[in-house]
Number of protein chains: 2
Amino acid sequence: MDGALRRIGSFIRIEEAVSILVDSVKDVRRVERVDVDSSLGRVLAATITAGRNYPMYDTSHMDGFALNHRDTLSASEERPARLRIAGSIEAGAQHRPELTPGAAMRVLTGAPLPLGADAVVAQEEVKLAGEYIHIKRPVRAGENIDPAGADVREGEALLGAGHRIRPQDVALLHYLGIRWVEVFHRPRVALLVVGDELTDDFEEAARGKVFNTHRRVIEPLTRAAGCEVSYLGIMPDDAELVSQKLREALTSYDVILTIGGSSVSEKDATSLALRRIGAEKMVQGLALQPGRVGGFAIVNGKPIILLPGLIMSTINVFLFLAYPLLKYMQGLEPTPYHARLRARLAEDVRISRYVDFKKVVWVRLEERGEAEYFCYPQLGESSRMSIPVRSHGFIVIGEGVEQVERGAEVVVNLPPT
Amino acid sequence: MDGALRRIGSFIRIEEAVSILVDSVKDVRRVERVDVDSSLGRVLAATITAGRNYPMYDTSHMDGFALNHRDTLSASEERPARLRIAGSIEAGAQHRPELTPGAAMRVLTGAPLPLGADAVVAQEEVKLAGEYIHIKRPVRAGENIDPAGADVREGEALLGAGHRIRPQDVALLHYLGIRWVEVFHRPRVALLVVGDELTDDFEEAARGKVFNTHRRVIEPLTRAAGCEVSYLGIMPDDAELVSQKLREALTSYDVILTIGGSSVSEKDATSLALRRIGAEKMVQGLALQPGRVGGFAIVNGKPIILLPGLIMSTINVFLFLAYPLLKYMQGLEPTPYHARLRARLAEDVRISRYVDFKKVVWVRLEERGEAEYFCYPQLGESSRMSIPVRSHGFIVIGEGVEQVERGAEVVVNLPPT
């Protein structure tokens with residue numbers, strides 16, 4: 001055990017904790033190739049660059065007639081220009097015929113212009129007369145045309161490494177003719193719950209055991225963080241059994257999350273188990289409240305995150321340690337929020353305990369007017385299941401700050417969904 | 001056909017279009033019962049009310065000793081109170097033993113207090129002496145206790161109809177002992193693409209057909225809107241074939257989305273097909289730009305949304321017609337955004353065409369400072385695949401407004417992901 005075994009009472013800052021975690025995995029981020037249609041939600045590991053101009057040629061963005069503007073220079077209501085219809089071109093056509101002077105060609109939206117054409121006039125604007133069209137005004141060069149390269153320029157870097165692929169990106173990749181992309185590997189995460197009192201069985205819960213609610217929060221949050229999650233079940237408060245299970249899990253998973261048994265007491269099986277396994281580094285005690293009994297260990301180079309058993313601590317330690325780590329492993333910024341917005345605090349917040357810690361206060365958002373947000377602090381004991389349900393996100397009150405006044409503008413962090 | 005067949009040139013306002021669509025389905029919203037573990041992401045159709053107090057009893061939020069504060073009234077450093085340890089209670093215990101005066105009971109975090117106890121003292125604070133503990137200060141009534149009902153009060157309405165279930169809500173439902181919930185039915189949506197030039201086949205695309213990119217945007221957006229989507233393939237520009245396909249689809253799906261063939265021209269197979277089928281109502285032409293050639297029809301009481309073929313119009317009409325409809329069918333507010341935030345416009349926007357329409361301008365967000373957003377308009381022809389890729393959301397410029405100045409605070413609408 002080369003890292004210090006830190007006892008509760010010496011609490012490390014979240015920034016330091018995340019930096020240790022990120023360092024521990026930074027050489028093992030893996031990349032894989034997936035086909036574009038399976039890439040939705042994945043994070044690009046390499047920049048996507050356009051191999052050519054899009055559109056490749058000037059194209060029409062109307063159903064109408066392609067022509068050369070010079071043939072309409074003197075057109076007027078009284079003396080319309082008269083152009084011969086010399087065929088048609090459809091969207092997606094590969095062949096670009098030549099347009100002879102004095103002629104026009106019927107084009108559909110998205111069709112490439114014939115060689116020699118430099119404008120399109122809408123079909124509603126022309127008068128058809130047999131093989132001819134009449135145009136009553138001079139058409140400007142470039143009118144109703146999307147010039148070559150107007151959409152995407154050759155060599156342009158369109159999507160960077162670290163970009164999470166959205167539906168429109170999948171469409172663009174196909175548009176660029178790209179069928180495979182390099183993306184970061186989805187971390188394989190194991191979730192282990194520790195506690196004699198817990199059960200996943202409704203009947204047992206009805207007979208007095210505590211139903212394993214916390215798994216129901218952490219499992220989907222981990223999935224929302226872009227990972228594959230395997231739930232390994234509930235272990236009793238038995239350090240030997242827990243350490244066996246952790247050893248097994250370390251062979252198959254990239255990251256292990258444990259819930260419960262994380263503080264330092266006679267019953268804290270997870271902490272005891274990690275000491276038995278021989279962690280390279282072990283941190284217990286975070287300067288985060290709720291969340292101070294959370295921690296982590298690095299074993300065989302793999303992170304094990306210790307989520308405490310009280311729900312608000314479970315969620316906070318997930319968001320402040322596990323989520324940034326899992327994001328970093330996928331090439332994303334290691335932040336504890338999915339998105340953030342500004343809101344006005346609707347009530348004073350006063351902190352009386354753990355003032356020197358980073359305090360996490362969950363808040364309910366209320367929209368008054370378009371995108372004008374107010375937020376209501378949801379305070380109470382860390383065991384309250386209803387706090388995250390009454391909330392949409394959380395604000396962070398910095399180390400040493402004791403109160404934030406009603407009316408202050410605050411940053412509300414939104415968790416992944 | 002009782003509704004007016006509206007020609008392009010008479011454009012209806014989006015608000016009116018959504019109101020017709022919503023009216024058409026308002027009597028057919030369906031509700032189903034799902035088990036709580038399958039309810040994530042579903043929308044509640046009935047309010048969830050707590051049947052009792054949570055916690056049911058006063059519980060400890062520390063590992064320590066439950067006692068009655070009266071037994072410590074005169075405790076001091078010099079003369080500690082001495083209480084006999086009369087057993088222990090664990091979290092989840094169903095039986096609440098009686099505490100006799102002068103005794104304390106060991107309690108773990110989350111354990112119910114014994115009858116007669118009104119406070120908990122942390123184990124670090126007491127001195128153990130055989131069967132006794134020594135306490136050096138008076139303990140206040142209620143100290144370290146979560147009172148009965150502090151988390152959830154009996155009869156409290158915790159989650160309302162129209163609430164989309166998040167991970168923490170699943171946990172709370174289990175905590176309340178609820179195993180089944182009533183949720184709105186997920187609309188079954190069929191997606192049909194129309195166009196001779198299109199293909200889903202890479203080889204055909206390499207030989208000159210246009211790859212069906214738009215499906216890759218609309219299919220996942222529909223799924224992100226909470227629906228089940230079936231892709232029915234590409235139909236040629238043949239009104240008879242399209243109308244056959246639509247007739248079939250109407251028997252199995254709640255909503256049909258079509259892409260392409262929606263404007264009024266000799267080749268617009270979708271429009272022609274709908275006239276053939278005999279729509280109860282048919283609207284073509286929306287006062288929305290890009291998107292003006294979009295529309296919808298109601299056939300046998302079921303909505304068919306006509307998404308135009310140019311990508312920005314396809315997406316805008318999806319977001320302004322289909323998305324609000326699909327949200328409404330699930331009990332949500334029929335809005336065209338998933339979330340919205342305020343940003344400062346980084347460049348002037350000037351509108352020269354369709355000024356009387358609602359204009360949709362896609363924007364790229366840039367965060368400068370915490371949650372301080374600036375947005376950059378991504379202008380250009382509606383056919384540009386790169387616009388939604390360069391953007392995070394869109395602003396809406398109201399009817400008649402011709403420009404918005406750089407520096408103005410605007411509302412940025414974010415699409416579902």
# chains A, B, ... in the order shown; residues from 1 in each chain; ligands from 1
$ closest_atom_pairs --of "chain A" --to "chain B" --cutoff "8 Å" --atoms "only C-alpha atoms" --output "Markdown table"
| residue | atom | partner | partner_atom | distance |
| --- | --- | --- | --- | --- |
| A:Asp37 | CA | B:Arg216 | CA | 7.9 |
| A:His61 | CA | B:Ser383 | CA | 7.3 |
| A:Ala91 | CA | B:Glu197 | CA | 6.8 |
| A:Gly92 | CA | B:Val210 | CA | 5.5 |
| A:Ala93 | CA | B:Gly208 | CA | 6.7 |
| A:Gln94 | CA | B:Gly208 | CA | 6.0 |
| A:Gly110 | CA | B:Ser383 | CA | 7.7 |
| A:Asp146 | CA | B:Glu381 | CA | 7.2 |
| A:Asp151 | CA | B:Arg384 | CA | 5.2 |
| A:Val152 | CA | B:Ser386 | CA | 6.6 |
| A:Leu158 | CA | B:Arg390 | CA | 7.8 |
| A:Arg166 | CA | B:Thr417 | CA | 7.1 |
| A:Pro167 | CA | B:Val217 | CA | 4.6 |
| A:Gln168 | CA | B:Val217 | CA | 5.2 |
| A:Asp169 | CA | B:Val389 | CA | 5.7 |
| A:Val170 | CA | B:Arg216 | CA | 6.4 |
| A:Ala171 | CA | B:Thr213 | CA | 4.8 |
| A:Leu172 | CA | B:Met385 | CA | 6.0 |
| A:His174 | CA | B:Thr213 | CA | 6.4 |
| A:Tyr175 | CA | B:Thr213 | CA | 6.6 |
| A:Glu197 | CA | B:Gly92 | CA | 6.6 |
| A:Gly208 | CA | B:Gln94 | CA | 5.9 |
| A:Lys209 | CA | B:Gly92 | CA | 5.7 |
| A:Val210 | CA | B:Gly92 | CA | 5.5 |
| A:Phe211 | CA | B:Tyr175 | CA | 7.1 |
| A:Thr213 | CA | B:Ala171 | CA | 4.7 |
| A:His214 | CA | B:Ala171 | CA | 6.5 |
| A:Arg216 | CA | B:Ala171 | CA | 5.5 |
| A:Val217 | CA | B:Pro167 | CA | 4.6 |
| A:Ile218 | CA | B:Pro167 | CA | 7.7 |
| A:Pro220 | CA | B:Pro167 | CA | 6.2 |
| A:Leu221 | CA | B:Pro167 | CA | 7.0 |
| A:Arg340 | CA | B:Ala371 | CA | 5.7 |
| A:Leu341 | CA | B:Ala371 | CA | 5.0 |
| A:Arg342 | CA | B:Ala371 | CA | 6.0 |
| A:Glu370 | CA | B:Val411 | CA | 7.0 |
| A:Ala371 | CA | B:Leu341 | CA | 5.0 |
| A:Glu372 | CA | B:Arg342 | CA | 7.7 |
| A:Glu381 | CA | B:Asp146 | CA | 7.2 |
| A:Ser383 | CA | B:His61 | CA | 7.3 |
| A:Arg384 | CA | B:Asp151 | CA | 5.2 |
| A:Met385 | CA | B:Leu172 | CA | 6.0 |
| A:Ser386 | CA | B:Asp151 | CA | 5.9 |
| A:Ile387 | CA | B:Asp151 | CA | 7.9 |
| A:Pro388 | CA | B:Gln168 | CA | 6.2 |
| A:Val389 | CA | B:Asp169 | CA | 5.7 |
| A:Arg390 | CA | B:Leu158 | CA | 7.8 |
| A:Val411 | CA | B:Ala371 | CA | 6.5 |
| A:Thr417 | CA | B:Arg166 | CA | 7.1 |
$ residues_around --residues "range 96-103 of chain A" --least-positions-apart "6" --cutoff "8 Å" --atoms "only C-alpha atoms" --output "list of chain:residue names"
A:Leu67, A:Asn68, A:Asp71, A:Arg82, A:Leu83, A:Arg84, A:Ile85, A:Ala86, A:Pro112, A:Leu113, A:Pro114, A:Leu115, A:Gly116, A:Ala117
$ write_last_selection --atoms "C-alpha atoms" --output "PDB file, in the first residue's frame"
ATOM      1  CA  LEU A  67     -29.828  29.004 -66.657  1.00  0.00           C
ATOM      2  CA  ASN A  68     -26.984  31.400 -67.250  1.00  0.00           C
ATOM      3  CA  ASP A  71     -29.288  35.132 -71.042  1.00  0.00           C
ATOM      4  CA  ARG A  82     -37.104  33.251 -74.020  1.00  0.00           C
ATOM      5  CA  LEU A  83     -35.027  30.132 -73.238  1.00  0.00           C
ATOM      6  CA  ARG A  84     -35.328  26.680 -74.720  1.00  0.00           C
ATOM      7  CA  ILE A  85     -35.906  23.783 -72.249  1.00  0.00           C
ATOM      8  CA  ALA A  86     -32.982  21.449 -72.916  1.00  0.00           C
ATOM      9  CA  PRO A 112     -26.442  19.760 -59.508  1.00  0.00           C
ATOM     10  CA  LEU A 113     -26.434  22.603 -62.021  1.00  0.00           C
ATOM     11  CA  PRO A 114     -25.496  21.838 -65.602  1.00  0.00           C
ATOM     12  CA  LEU A 115     -22.059  23.091 -66.682  1.00  0.00           C
ATOM     13  CA  GLY A 116     -22.421  26.689 -67.841  1.00  0.00           C
ATOM     14  CA  ALA A 117     -25.433  27.482 -65.619  1.00  0.00           C
TER      15      ALA A 117
END
$ atom_distance --atom1 "CA of His338 in chain B" --atom2 "CA of Leu414 in chain B"
5.6 Å
$ closest_residue --among "A:Leu21, A:Val139, A:Leu191, A:Ala119" --to "Lys327 in chain A" --atoms "only C-alpha atoms"
A:Leu21
$ residues_around --residues "Ser262 in chain A" --least-positions-apart "2" --cutoff "10 Å" --atoms "only C-alpha atoms" --output "JSON, numbers by chain"
{"A": [194, 258, 259, 260, 264, 265, 267, 268, 269, 270, 271, 272, 274, 284, 285, 293, 294, 295, 296, 305, 306, 307, 308, 309]}
